[in-house]
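S.K.: Structure: run.csv, CSV, C-alpha atoms and all ligand atoms.
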chain,number,residue,atom,x,y,z
W,210,MET,CA,90.4,-80.9,208.5
W,211,SER,CA,88.0,-78.0,208.1
W,212,ARG,CA,87.5,-75.6,210.9
W,213,LYS,CA,84.7,-73.1,211.6
W,214,ALA,CA,85.9,-69.6,212.2
W,215,LYS,CA,84.5,-66.2,212.9
W,216,ALA,CA,86.0,-63.9,210.3
W,217,VAL,CA,85.9,-60.2,209.3
W,218,LEU,CA,84.8,-59.8,205.7
W,219,CYS,CA,84.3,-57.1,203.1
W,220,ARG,CA,81.0,-58.3,201.4
W,221,GLU,CA,80.3,-55.1,199.5
W,222,LEU,CA,82.4,-52.1,198.6
W,223,ASP,CA,81.8,-48.9,200.6
W,224,LYS,CA,79.8,-50.8,203.2
W,225,PRO,CA,80.8,-51.6,206.8
W,226,VAL,CA,82.7,-54.8,207.3
W,227,VAL,CA,80.7,-57.9,208.5
W,228,VAL,CA,81.5,-60.7,210.9
W,229,GLU,CA,80.5,-64.1,209.6
W,230,GLU,CA,81.2,-67.7,210.5
W,231,ILE,CA,83.2,-69.2,207.7
W,232,LEU,CA,84.9,-72.6,206.9
W,233,VAL,CA,88.7,-72.8,206.7
W,234,ASP,CA,90.0,-75.9,205.0
W,235,GLY,CA,93.2,-77.6,206.3
W,236,PRO,CA,96.6,-77.1,204.6
W,237,LYS,CA,97.7,-78.6,201.3
W,238,ARG,CA,101.3,-79.1,200.3
W,239,GLY,CA,103.5,-76.2,201.6
W,240,GLU,CA,100.7,-74.7,203.6
W,241,VAL,CA,100.0,-74.2,207.3
W,242,THR,CA,96.8,-73.6,209.3
W,243,VAL,CA,97.1,-71.1,212.1
W,244,ARG,CA,94.8,-70.3,215.0
W,245,LEU,CA,95.0,-66.5,215.3
W,246,GLY,CA,95.5,-64.8,218.6
W,247,ALA,CA,95.3,-61.2,217.4
W,248,CYS,CA,95.1,-59.1,214.2
W,249,GLY,CA,95.8,-55.4,213.8
W,250,VAL,CA,93.5,-53.2,211.7
W,251,CYS,CA,95.5,-51.5,209.1
W,252,HIS,CA,94.4,-48.7,206.8
W,253,SER,CA,95.2,-51.0,203.9
W,254,ASP,CA,92.3,-53.3,205.1
W,255,LEU,CA,90.0,-50.2,205.1
W,256,SER,CA,91.3,-49.3,201.6
W,257,ALA,CA,90.3,-52.8,200.4
W,258,THR,CA,86.7,-52.1,201.5
W,259,ASN,CA,86.4,-48.9,199.4
W,260,GLY,CA,88.3,-49.9,196.3
W,261,THR,CA,91.4,-47.8,197.0
W,262,ILE,CA,93.3,-51.1,197.0
W,263,PRO,CA,91.5,-53.2,194.4
W,264,MET,CA,90.7,-56.6,196.0
W,265,PRO,CA,87.2,-57.5,194.9
W,266,PRO,CA,84.7,-58.8,197.6
W,267,PRO,CA,83.8,-61.2,199.1
W,268,LEU,CA,87.1,-60.9,200.9
W,269,VAL,CA,88.4,-62.1,204.2
W,270,LEU,CA,90.4,-59.1,205.5
W,271,GLY,CA,93.6,-59.0,207.6
W,272,HIS,CA,97.3,-59.1,207.0
W,273,GLU,CA,98.8,-58.1,210.4
W,274,ALA,CA,98.4,-61.1,212.7
W,275,ALA,CA,100.0,-63.5,215.1
W,276,GLY,CA,98.9,-66.9,216.2
W,277,GLU,CA,99.8,-70.6,216.8
W,278,VAL,CA,100.3,-73.3,214.2
W,279,VAL,CA,97.6,-76.0,214.5
W,280,GLU,CA,98.3,-78.1,211.4
W,281,THR,CA,101.0,-78.4,208.8
W,282,GLY,CA,100.7,-79.6,205.2
W,283,GLU,CA,102.9,-82.0,203.4
W,284,GLY,CA,106.5,-80.8,202.8
W,285,VAL,CA,106.4,-78.2,205.6
W,286,ASP,CA,109.5,-78.6,207.7
W,287,ALA,CA,110.2,-74.9,208.7
W,288,LEU,CA,107.2,-74.9,211.1
W,289,ALA,CA,105.6,-77.3,213.5
W,290,VAL,CA,102.4,-77.5,215.4
W,291,GLY,CA,102.6,-75.3,218.5
W,292,ASP,CA,105.0,-72.7,216.9
W,293,HIS,CA,104.0,-69.1,217.3
W,294,VAL,CA,104.0,-67.2,214.1
W,295,VAL,CA,103.4,-63.7,212.5
W,296,SER,CA,101.9,-63.4,209.1
W,297,SER,CA,103.7,-61.7,206.2
W,298,PHE,CA,101.7,-60.3,203.3
W,299,ILE,CA,104.2,-60.6,200.5
W,300,TYR,CA,104.6,-63.6,198.3
W,301,MET,CA,108.2,-64.6,197.7
W,302,CYS,CA,109.1,-67.2,195.0
W,303,GLY,CA,112.7,-67.4,196.4
W,304,LYS,CA,114.2,-67.7,193.0
W,305,CYS,CA,113.7,-64.5,191.0
W,306,ARG,CA,116.5,-61.8,190.8
W,307,PHE,CA,114.8,-59.8,193.5
W,308,CYS,CA,114.2,-62.7,195.9
W,309,SER,CA,117.8,-63.8,195.2
W,310,THR,CA,119.3,-60.4,196.1
W,311,GLY,CA,117.4,-59.9,199.3
W,312,ARG,CA,114.5,-57.8,198.0
W,313,PRO,CA,111.5,-60.2,198.2
W,314,VAL,CA,109.0,-57.3,198.4
W,315,LEU,CA,109.7,-56.9,194.7
W,316,CYS,CA,109.3,-60.6,193.8
W,317,VAL,CA,108.3,-60.8,190.1
W,318,GLU,CA,105.8,-63.6,191.0
W,319,GLN,CA,104.0,-61.4,193.6
W,320,GLY,CA,100.8,-61.2,191.5
W,321,LYS,CA,100.3,-64.9,192.3
W,322,ALA,CA,98.9,-64.3,195.8
W,323,ILE,CA,97.0,-61.0,195.8
W,324,THR,CA,93.6,-62.4,196.8
W,325,THR,CA,94.4,-66.2,196.8
W,326,LEU,CA,97.0,-68.6,198.0
W,327,PRO,CA,100.1,-68.8,195.7
W,328,ASP,CA,98.7,-71.8,193.8
W,329,GLY,CA,95.6,-69.7,192.9
W,330,SER,CA,93.2,-71.6,195.1
W,331,LEU,CA,91.4,-70.8,198.3
W,332,ARG,CA,90.8,-72.6,201.6
W,333,THR,CA,88.0,-70.3,202.7
W,334,ARG,CA,84.3,-70.7,202.1
W,335,ASP,CA,81.2,-69.1,203.5
W,336,ALA,CA,78.2,-70.9,205.1
W,337,LYS,CA,76.7,-71.5,201.6
W,338,GLY,CA,80.0,-73.0,200.4
W,339,ASN,CA,81.0,-70.1,198.2
W,340,ALA,CA,84.7,-69.3,198.0
W,341,LEU,CA,86.0,-66.3,199.8
W,342,SER,CA,89.0,-64.4,198.6
W,343,ILE,CA,91.8,-63.5,201.1
W,344,PHE,CA,93.7,-60.2,201.6
W,345,SER,CA,97.3,-60.6,200.2
W,346,GLY,CA,97.6,-64.3,200.6
W,347,CYS,CA,96.6,-63.9,204.3
W,348,GLY,CA,93.0,-63.3,205.3
W,349,VAL,CA,94.1,-63.4,208.9
W,350,MET,CA,91.3,-61.3,210.5
W,351,ALA,CA,89.7,-64.6,211.4
W,352,GLU,CA,89.9,-67.2,214.2
W,353,TYR,CA,91.7,-69.6,211.8
W,354,ALA,CA,93.5,-69.1,208.5
W,355,THR,CA,95.5,-71.4,206.1
W,356,LEU,CA,98.5,-69.7,204.6
W,357,HIS,CA,101.5,-70.7,202.5
W,358,VAL,CA,104.5,-71.4,204.8
W,359,ASP,CA,106.5,-68.5,203.2
W,360,ASN,CA,103.8,-66.1,204.5
W,361,LEU,CA,104.6,-67.0,208.1
W,362,VAL,CA,107.6,-66.3,210.3
W,363,LYS,CA,108.3,-68.1,213.5
W,364,ILE,CA,108.6,-65.9,216.6
W,365,ASP,CA,109.5,-66.1,220.3
W,366,PRO,CA,106.4,-67.5,222.0
W,367,LYS,CA,107.0,-65.2,225.0
W,368,ILE,CA,105.8,-62.2,223.0
W,369,PRO,CA,102.0,-61.7,223.4
W,370,TYR,CA,100.0,-62.1,220.2
W,371,ASP,CA,98.6,-58.6,220.1
W,372,ARG,CA,102.1,-57.0,220.3
W,373,ALA,CA,103.7,-59.5,217.9
W,374,ALA,CA,100.9,-59.0,215.3
W,375,LEU,CA,101.9,-55.4,214.7
W,376,VAL,CA,105.2,-56.6,213.3
W,377,GLY,CA,103.2,-58.2,210.5
W,378,CYS,CA,102.6,-54.7,208.9
W,379,ALA,CA,102.7,-51.4,210.8
W,380,VAL,CA,106.0,-51.8,212.6
W,381,THR,CA,108.0,-53.4,209.8
W,382,THR,CA,106.5,-51.0,207.2
W,383,GLY,CA,107.4,-47.9,209.2
W,384,VAL,CA,110.7,-48.9,210.9
W,385,GLY,CA,111.8,-50.7,207.7
W,386,ALA,CA,111.2,-47.6,205.6
W,387,VAL,CA,113.6,-45.8,207.9
W,388,PHE,CA,116.2,-48.6,208.3
W,389,ASN,CA,116.1,-50.4,205.0
W,390,THR,CA,114.6,-48.1,202.4
W,391,ALA,CA,115.9,-44.7,203.3
W,392,LYS,CA,118.8,-45.8,205.6
W,393,VAL,CA,118.4,-42.7,207.7
W,394,ARG,CA,121.7,-41.4,209.1
W,395,PRO,CA,122.3,-40.4,212.8
W,396,GLY,CA,121.9,-36.7,213.2
W,397,ALA,CA,119.5,-36.4,210.2
W,398,SER,CA,116.3,-34.3,210.1
W,399,VAL,CA,113.1,-36.1,209.3
W,400,ALA,CA,109.5,-35.1,208.5
W,401,VAL,CA,106.7,-37.6,208.8
W,402,PHE,CA,103.3,-36.9,207.1
W,403,GLY,CA,100.5,-38.9,208.7
W,404,CYS,CA,100.9,-40.3,212.3
W,405,GLY,CA,98.8,-43.4,212.2
W,406,GLY,CA,100.0,-47.0,212.8
W,407,VAL,CA,102.6,-46.7,210.0
W,408,GLY,CA,103.7,-43.1,210.6
W,409,LEU,CA,104.2,-43.6,214.3
W,410,ASN,CA,106.6,-46.4,213.5
W,411,VAL,CA,108.5,-44.2,211.0
W,412,ILE,CA,108.8,-41.8,213.9
W,413,GLN,CA,110.1,-44.4,216.3
W,414,GLY,CA,112.4,-45.9,213.6
W,415,ALA,CA,113.9,-42.4,213.1
W,416,ARG,CA,114.4,-42.0,216.8
W,417,ILE,CA,116.2,-45.4,217.1
W,418,ALA,CA,118.3,-44.5,214.0
W,419,GLY,CA,119.5,-41.4,215.8
W,420,ALA,CA,117.7,-38.6,213.9
W,421,GLN,CA,118.1,-35.3,215.7
W,422,ARG,CA,115.0,-33.6,214.5
W,423,ILE,CA,111.7,-35.4,213.8
W,424,VAL,CA,108.8,-33.3,212.7
W,425,ALA,CA,105.4,-35.0,212.8
W,426,ILE,CA,102.6,-33.7,210.6
W,427,ASP,CA,98.9,-34.7,210.9
W,428,THR,CA,95.4,-33.2,210.6
W,429,VAL,CA,94.3,-34.7,214.0
W,430,GLU,CA,95.7,-33.1,217.2
W,431,SER,CA,95.6,-36.3,219.3
W,432,LYS,CA,97.9,-38.0,216.7
W,433,LEU,CA,100.5,-35.3,217.3
W,434,GLU,CA,100.4,-36.1,221.0
W,435,MET,CA,101.1,-39.7,220.2
W,436,ALA,CA,103.8,-38.7,217.8
W,437,ARG,CA,105.7,-36.9,220.6
W,438,LYS,CA,105.5,-40.1,222.7
W,439,PHE,CA,107.1,-42.0,219.9
W,440,GLY,CA,110.0,-39.5,219.4
W,441,ALA,CA,108.8,-36.5,217.4
W,442,THR,CA,110.7,-33.4,218.5
W,443,ASP,CA,108.3,-31.0,216.7
W,444,VAL,CA,104.7,-31.2,215.4
W,445,ILE,CA,102.6,-29.4,212.8
W,446,LEU,CA,98.8,-29.5,213.0
W,447,LEU,CA,97.8,-29.4,209.3
W,448,THR,CA,94.6,-28.0,207.9
W,449,PRO,CA,93.9,-30.3,204.9
W,450,GLY,CA,94.9,-28.4,201.7
W,451,ASP,CA,97.6,-26.3,203.5
W,452,ASP,CA,101.2,-26.6,202.4
W,453,PRO,CA,103.6,-26.9,205.3
W,454,SER,CA,106.8,-27.1,203.2
W,455,LYS,CA,107.9,-23.5,203.9
W,456,ALA,CA,107.4,-24.0,207.7
W,457,LEU,CA,109.4,-27.2,207.4
W,458,LYS,CA,112.2,-25.6,205.5
W,459,LYS,CA,112.5,-22.9,208.3
W,460,MET,CA,112.4,-25.5,211.1
W,461,THR,CA,115.1,-27.6,209.6
W,462,ALA,CA,117.5,-25.1,208.1
W,463,GLY,CA,116.6,-25.6,204.4
W,464,GLY,CA,114.4,-28.7,204.6
W,465,PRO,CA,114.5,-32.1,206.2
W,466,ASP,CA,117.0,-34.7,204.9
W,467,TYR,CA,114.1,-37.2,204.7
W,468,ALA,CA,110.4,-37.0,204.4
W,469,PHE,CA,108.0,-39.9,204.6
W,470,GLU,CA,104.4,-39.8,203.2
W,471,CYS,CA,102.3,-42.1,205.3
W,472,VAL,CA,98.8,-41.2,204.2
W,473,GLY,CA,98.4,-42.3,200.6
W,474,SER,CA,98.0,-39.0,198.6
W,475,GLY,CA,99.9,-37.8,195.5
W,476,GLU,CA,99.3,-34.2,196.7
W,477,LEU,CA,101.0,-35.0,200.0
W,478,ALA,CA,103.8,-36.8,198.2
W,479,ALA,CA,104.4,-33.7,196.2
W,480,ILE,CA,104.5,-31.6,199.4
W,481,ALA,CA,106.9,-34.1,201.0
W,482,PHE,CA,109.2,-33.8,198.0
W,483,ARG,CA,108.9,-30.0,197.9
W,484,SER,CA,109.8,-29.9,201.6
W,485,ILE,CA,113.0,-31.9,201.6
W,486,GLY,CA,116.3,-30.0,201.4
W,487,ARG,CA,119.2,-30.4,199.0
W,488,GLY,CA,120.3,-34.0,198.6
W,489,GLY,CA,117.1,-35.0,200.5
W,490,THR,CA,115.0,-38.1,200.0
W,491,ALA,CA,111.2,-38.3,200.0
W,492,VAL,CA,109.7,-41.8,200.6
W,493,VAL,CA,106.1,-42.6,199.7
W,494,VAL,CA,104.8,-45.2,202.1
W,495,GLY,CA,101.1,-44.5,201.9
W,496,VAL,CA,99.1,-46.3,199.2
W,497,ALA,CA,97.0,-44.0,197.0
W,498,LYS,CA,94.1,-44.8,194.7
W,499,PRO,CA,95.1,-46.4,191.4
W,500,GLY,CA,94.4,-43.3,189.4
W,501,ASP,CA,96.2,-40.9,191.7
W,502,SER,CA,99.4,-39.2,190.5
W,503,THR,CA,102.0,-36.8,191.9
W,504,SER,CA,104.4,-34.2,190.4
W,505,VAL,CA,107.8,-32.8,191.0
W,506,ARG,CA,109.6,-29.7,189.8
W,507,THR,CA,111.9,-31.4,187.3
W,508,MET,CA,114.7,-28.9,187.7
W,509,THR,CA,115.2,-29.8,191.4
W,510,LEU,CA,116.2,-33.3,190.5
W,511,PRO,CA,119.6,-32.4,188.9
W,512,PHE,CA,120.3,-29.1,190.7
W,513,GLU,CA,119.4,-30.3,194.2
W,514,GLU,CA,120.0,-34.0,193.7
W,515,LYS,CA,116.7,-34.8,195.4
W,516,THR,CA,115.3,-38.3,195.4
W,517,LEU,CA,111.6,-39.4,195.3
W,518,THR,CA,111.2,-43.1,196.1
W,519,GLY,CA,108.7,-45.6,197.6
W,520,SER,CA,108.8,-48.2,200.3
W,521,TYR,CA,106.8,-51.4,200.2
W,522,PHE,CA,106.6,-53.3,203.5
W,523,GLY,CA,109.7,-51.5,204.7
W,524,SER,CA,111.8,-53.1,202.0
W,525,CYS,CA,112.0,-56.0,204.5
W,526,VAL,CA,113.1,-59.6,204.4
W,527,PRO,CA,110.4,-61.0,206.8
W,528,ARG,CA,112.5,-63.8,208.3
W,529,ILE,CA,115.3,-61.4,209.1
W,530,ASP,CA,113.3,-58.3,210.0
W,531,PHE,CA,110.5,-59.7,212.1
W,532,PRO,CA,112.8,-61.2,214.7
W,533,ARG,CA,115.0,-58.0,214.5
W,534,MET,CA,111.9,-55.8,215.3
W,535,LEU,CA,110.8,-58.0,218.1
W,536,GLY,CA,114.4,-58.0,219.5
W,537,LEU,CA,114.3,-54.2,219.6
W,538,TYR,CA,111.0,-54.5,221.5
W,539,GLN,CA,112.5,-57.0,224.0
W,540,GLY,CA,115.5,-54.8,224.4
W,541,GLY,CA,113.3,-51.8,225.4
W,542,LYS,CA,114.0,-49.7,222.2
W,543,LEU,CA,110.9,-50.3,220.2
W,544,MET,CA,107.5,-49.3,221.7
W,545,LEU,CA,104.8,-51.8,220.9
W,546,ASP,CA,102.7,-51.7,224.1
W,547,GLU,CA,102.0,-48.0,223.5
W,548,LEU,CA,100.9,-48.6,219.8
W,549,ILE,CA,97.7,-50.4,220.9
W,550,THR,CA,95.1,-47.9,221.7
W,551,ARG,CA,92.2,-50.4,221.9
W,552,ARG,CA,91.6,-54.1,221.7
W,553,TYR,CA,88.3,-55.4,220.2
W,554,PRO,CA,86.6,-58.8,220.3
W,555,VAL,CA,86.0,-60.0,216.8
W,556,ASP,CA,82.3,-59.2,216.9
W,557,GLU,CA,83.2,-55.5,217.4
W,558,ALA,CA,85.3,-55.4,214.2
W,559,PRO,CA,82.9,-52.9,212.5
W,560,GLN,CA,83.6,-50.5,215.4
W,561,ALA,CA,87.4,-51.0,215.0
W,562,PHE,CA,87.1,-50.0,211.3
W,563,ALA,CA,85.0,-47.0,212.2
W,564,ASP,CA,87.6,-45.9,214.8
W,565,LEU,CA,90.4,-46.3,212.3
W,566,GLN,CA,88.5,-44.1,209.8
W,567,SER,CA,87.9,-41.4,212.4
W,568,GLY,CA,91.6,-41.4,213.4
W,569,ARG,CA,90.9,-42.4,217.0
W,570,ASN,CA,93.6,-45.1,217.3
W,571,ALA,CA,97.4,-45.4,217.0
W,572,ARG,CA,96.5,-49.1,216.2
W,573,GLY,CA,93.3,-51.0,217.0
W,574,VAL,CA,93.8,-54.7,217.4
W,575,ILE,CA,91.2,-57.5,217.0
W,576,VAL,CA,91.8,-60.2,219.7
W,577,PHE,CA,90.5,-63.7,219.3
W,578,SER,CA,89.6,-65.7,222.4
W,579,PRO,CA,91.2,-69.1,222.7
W,580,PRO,CA,88.9,-72.1,222.1
W,581,ALA,CA,86.9,-73.1,225.3
V,601,LIG,N1,103.9,-49.2,201.8
V,601,LIG,C1,103.4,-50.2,202.5
V,601,LIG,O1,103.9,-51.3,202.5
V,601,LIG,C2,102.2,-50.0,203.4
V,601,LIG,C3,101.9,-50.9,204.4
V,601,LIG,C4,100.9,-50.6,205.3
V,601,LIG,C5,100.1,-49.5,205.1
V,601,LIG,N2,100.4,-48.7,204.0
V,601,LIG,C6,99.6,-47.5,203.8
V,601,LIG,O2,100.1,-46.5,204.6
V,601,LIG,C7,99.0,-45.5,204.9
V,601,LIG,C8,98.9,-45.3,206.3
V,601,LIG,O3,98.4,-46.5,207.0
V,601,LIG,P1,98.0,-46.5,208.5
V,601,LIG,O4,97.5,-47.9,208.8
V,601,LIG,O5,99.1,-45.8,209.3
V,601,LIG,O6,96.7,-45.5,208.5
V,601,LIG,P2,96.1,-44.6,209.7
V,601,LIG,O7,94.7,-44.4,209.2
V,601,LIG,O8,96.3,-45.3,211.0
V,601,LIG,O9,96.9,-43.3,209.7
V,601,LIG,C9,96.8,-42.3,208.7
V,601,LIG,C10,97.1,-41.0,209.4
V,601,LIG,O10,97.2,-39.9,208.4
V,601,LIG,C11,96.5,-38.8,208.9
V,601,LIG,N3,96.1,-37.9,207.8
V,601,LIG,C12,95.0,-38.1,207.0
V,601,LIG,N4,95.0,-37.1,206.0
V,601,LIG,C13,96.2,-36.4,206.3
V,601,LIG,C14,96.7,-35.2,205.6
V,601,LIG,N5,96.2,-34.7,204.5
V,601,LIG,N6,97.9,-34.7,206.1
V,601,LIG,C15,98.5,-35.3,207.2
V,601,LIG,N7,98.0,-36.3,207.8
V,601,LIG,C16,96.8,-36.9,207.4
V,601,LIG,C17,95.4,-39.4,209.7
V,601,LIG,O11,94.9,-38.4,210.7
V,601,LIG,C18,96.0,-40.6,210.4
V,601,LIG,O12,96.7,-40.2,211.6
V,601,LIG,C19,97.8,-46.1,204.2
V,601,LIG,O13,97.7,-45.5,202.9
V,601,LIG,C20,98.1,-47.6,204.0
V,601,LIG,O14,97.4,-48.2,203.0
V,601,LIG,C21,101.4,-48.9,203.2
V,602,ZN,ZN,99.0,-53.1,206.5
V,603,ZN,ZN,110.8,-63.9,193.7
Let's see the structure in the file written out as structure tokens.
M.R.:
Amino acid sequence: MSRKAKAVLCRELDKPVVVEEILVDGPKRGEVTVRLGACGVCHSDLSATNGTIPMPPPLVLGHEAAGEVVETGEGVDALAVGDHVVSSFIYMCGKCRFCSTGRPVLCVEQGKAITTLPDGSLRTRDAKGNALSIFSGCGVMAEYATLHVDNLVKIDPKIPYDRAALVGCAVTTGVGAVFNTAKVRPGASVAVFGCGGVGLNVIQGARIAGAQRIVAIDTVESKLEMARKFGATDVILLTPGDDPSKALKKMTAGGPDYAFECVGSGELAAIAFRSIGRGGTAVVVGVAKPGDSTSVRTMTLPFEEKTLTGSYFGSCVPRIDFPRMLGLYQGGKLMLDELITRRYPVDEAPQAFADLQSGRNARGVIVFSPPA
């Protein structure tokens, strides 16, 4: 069946998001319709509205959400009506050499579900009947969404939707970059550039991994206060354009073992790489504009054995890592409650995006009211 749903859309690039009533068609084979409870507002959603991440409008935003299964399509046996789920924004074919070796974020078929469902079609239409694209096979900033079953992971229903939603991007991206991509060692020193939803999770991931020194760097003072709450031992308030690499080298006896770029800038990636010490690893997590580039001093690669790498969705396996993250939350190790600075009803989504842009929130979350 088709369902009416209020949804947050990018209608036009470089314009504020709009809230519209759309139609969400029921699931076809291998698909599931979900009634969403909450959806986090990620910088990647904002990046889709300004062309940094190329996803042409009209686009239903959202890729960090939790909700309840309300209908399943033919051939779906992994999920049933009533299950609580978190969305996952990567497509995994399950068969390619990356999926087969536990690296589904690198699935060679990923291009299949960038703004559509994996079969190339859409279940979303506007009031005039025109098709609406969806962010990364998700489009979950809406009261209802129909997704492929592999873009959903079943979770413990005791966890509230707003907290669970964060595992669909910020938490898994940040903590996963530390655990899975960099494999940060206990006792290591870590620098984190950018302390938003993703960076704060890198910080708490590093704390859980046993890093002894965690230096948080941001251009907004309030973000550094948040960073301390999540585990930063030191902070640097950066004036845009300044290079803190010398200060970092001093603070960490020759440079941190790991640096994470969580902003999306080639210039900062270069600074992160410059900052790390001998044998260090710089991890680019932020997503920069398509034309952006970075540079490294070539000589430091052989003589200092430094590594520059990237991390996509925390190099995660969603069905393994989502429950793992939520288990850390339930065990009191992972802070999720503190990540939510503000909750917004769906009609206030434009304000949520404005607050993200001005750096006001650790994470803002859109909460959907249950049907009357
Ligand atoms: N690799 C992935 O899989 C993945 C997943 C999610 C998000 N992202 C990307 O990660 C980045 C961060 O996302 P977010 O949701 O945390 O964003 P956010 O807006 O919540 O946080 C960004 C932070 O960077 C700070 N900042 C801006 N310019 C800075 C500078 N020059 N130096 C230091 N700090 C600066 C801001 O003040 C803010 O605190 C974005 O580029 C997003 O697209 C990547
Ligand atoms: Zn995201
Ligand atoms: Zn694959």
S.K.: Dump as a PyMOL selection string all residues having an atom at most 10 Å from (104.9, -72.7, 217.8), computed in the file's coordinates with only C-alpha atoms.
M.R.: chain W and resi 243+276-279+288-294+363-366
S.K.: When distances are computed from all atoms listed in the file, which of W:Gly405, W:Pro266, W:Gly249, W:Pro327 shows the smallest separation from W:Ala374?
M.R.: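 Residue with the minimum atom-to-atom distance to W:Ala374: W:Gly249.
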S.K.: Determine, counting only C-alpha atoms, which protein, DNA and RNA residues have an atom within 7 Å of an atom of stretch 449-463 of chain W; residues of the same chain fewer than 5 positions away are not included. Present the result as a list in words.
M.R.: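 Returned residues: Ser398, Thr428, Ile480, Arg483, Ser484 and Gly486 of chain W.
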S.K.: Please identify all polymer residues lying at most 10 Å from the point (92.1, -75.2, 221.7) (file coordinates), using all atoms listed in the file, and present the result as a CSV table (one decimal) with C-alpha atoms, keeping the file's coordinate frame.
M.R.:
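Dumped everything to point27.csv:
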chain,number,residue,atom,x,y,z
W,244,ARG,CA,94.8,-70.3,215.0
W,279,VAL,CA,97.6,-76.0,214.5
W,578,SER,CA,89.6,-65.7,222.4
W,579,PRO,CA,91.2,-69.1,222.7
W,580,PRO,CA,88.9,-72.1,222.1
W,581,ALA,CA,86.9,-73.1,225.3
S.K.: Return as a PyMOL selection string every polymer residue, whether protein, DNA or RNA, with at least one atom no more than 12 Å from an atom of ligand ZN 602 (chain V); count all atoms listed in the file.
M.R.: chain W and resi 248-257+262+270-274+296-299+344-345+347-350+374-383+405-408+471+494-496+521-523+572
S.K.: Between atom CA of W:Leu447 and atom C11 of ligand LIG 601 (chain V), measure the distance and give it in Å to one decimal.
M.R.: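 According to the coordinates, atom CA of W:Leu447 and atom C11 of ligand LIG 601 (chain V) are separated by 9.5 Å.
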S.K.: Measure the distance from atom CA of W:Val505 to atom CA of W:Leu517 in Å and round it to one decimal.
M.R.: 8.7 Å
S.K.: Can you measure atom CA of W:Thr261 to atom CA of W:Val317 for me? One decimal in Å is fine.
M.R.: 22.4 Å
S.K.: Can you pull out every residue with an atom within 7 Å of ligand ZN 603 (chain V)? Use only C-alpha atoms and all ligand atoms and format it as an mmCIF file with C-alpha atoms, in the coordinates of the input.
M.R.:
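Writing the result to pocket-v2.cif gives the following:
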data_model
loop_
_atom_site.group_PDB
_atom_site.id
_atom_site.type_symbol
_atom_site.label_atom_id
_atom_site.label_comp_id
_atom_site.auth_asym_id
_atom_site.auth_seq_id
_atom_site.Cartn_x
_atom_site.Cartn_y
_atom_site.Cartn_z
ATOM 1 C CA MET W 301 108.200 -64.600 197.700
ATOM 2 C CA CYS W 302 109.100 -67.200 195.000
ATOM 3 C CA GLY W 303 112.700 -67.400 196.400
ATOM 4 C CA LYS W 304 114.200 -67.700 193.000
ATOM 5 C CA CYS W 305 113.700 -64.500 191.000
ATOM 6 C CA ARG W 306 116.500 -61.800 190.800
ATOM 7 C CA PHE W 307 114.800 -59.800 193.500
ATOM 8 C CA CYS W 308 114.200 -62.700 195.900
ATOM 9 C CA PRO W 313 111.500 -60.200 198.200
ATOM 10 C CA CYS W 316 109.300 -60.600 193.800
ATOM 11 C CA VAL W 317 108.300 -60.800 190.100
ATOM 12 C CA GLU W 318 105.800 -63.600 191.000
#
S.K.: In terms of the shortest atom-to-atom distance over all atoms listed in the file, which of W:Val424, W:Val362, W:Ile343, W:Leu356 is closest to ligand LIG 601 (chain V)?
M.R.: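 Among the listed residues, the smallest separation from ligand LIG 601 (chain V) belongs to W:Val424.
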S.K.: Which residue is closest to W:Ala563? Choose from W:Thr310, W:Thr333, W:Ser211, W:Thr258 and count only C-alpha atoms.
M.R.: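 Using only C-alpha atoms, the shortest distance to W:Ala563 belongs to W:Thr258.
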S.K.: Let me have the centre and edge lengths in Å, one decimal, of the box along x, y and z around every listed atom of stretch 528-533 of chain W with 3 Å of margin on each side, as lines of an AutoDock Vina configuration file.
M.R.:
center_x = 112.9
center_y = -60.9
center_z = 211.5
size_x = 10.8
size_y = 11.8
size_z = 12.4
S.K.: Quick one: residues within 12 Å of W:Ser431, all atoms listed in the file counted, chain neighbours fewer than 6 positions away excluded, as a list in words?
M.R.: Gly403, Cys404, Gly405, Ala425, Arg437, Lys438, Val444, Ile445, Leu446, Thr550, Ser567, Gly568, Arg569, Asn570 and Ala571 of chain W
S.K.: Here is a test: counting only C-alpha atoms and all ligand atoms, which residue of W:Met534, W:Ile417, W:Val314, W:Met210 is nearest to ligand LIG 601 (chain V)?
M.R.: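 Going through W:Met534, W:Ile417, W:Val314, W:Met210 one by one, the smallest distance to ligand LIG 601 (chain V) is for W:Val314.
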S.K.: Between W:Ala247, W:Arg551, W:Gln413, W:Ala322, which has the minimum distance to W:Asp564 (counting only C-alpha atoms)?
M.R.: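 Comparing W:Ala247, W:Arg551, W:Gln413, W:Ala322 against W:Asp564, the winner is W:Arg551.
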S.K.: Between W:Asp501, W:Leu510, W:Ala418, W:Thr242, which one has atoms that come closest to W:Gly385, using all atoms listed in the file?
M.R.: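 Comparing W:Asp501, W:Leu510, W:Ala418, W:Thr242 against W:Gly385, the winner is W:Ala418.
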S.K.: Can you list, as a list in words, every protein, DNA or RNA residue that comes within 9 Å of W:Met435 when you count all atoms listed in the file, leaving out same-chain residues fewer than 5 positions away?
M.R.: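 The filter keeps Cys404, Leu409, Gly440, Ala441, Glu547, Leu548 and Ala571 of chain W.
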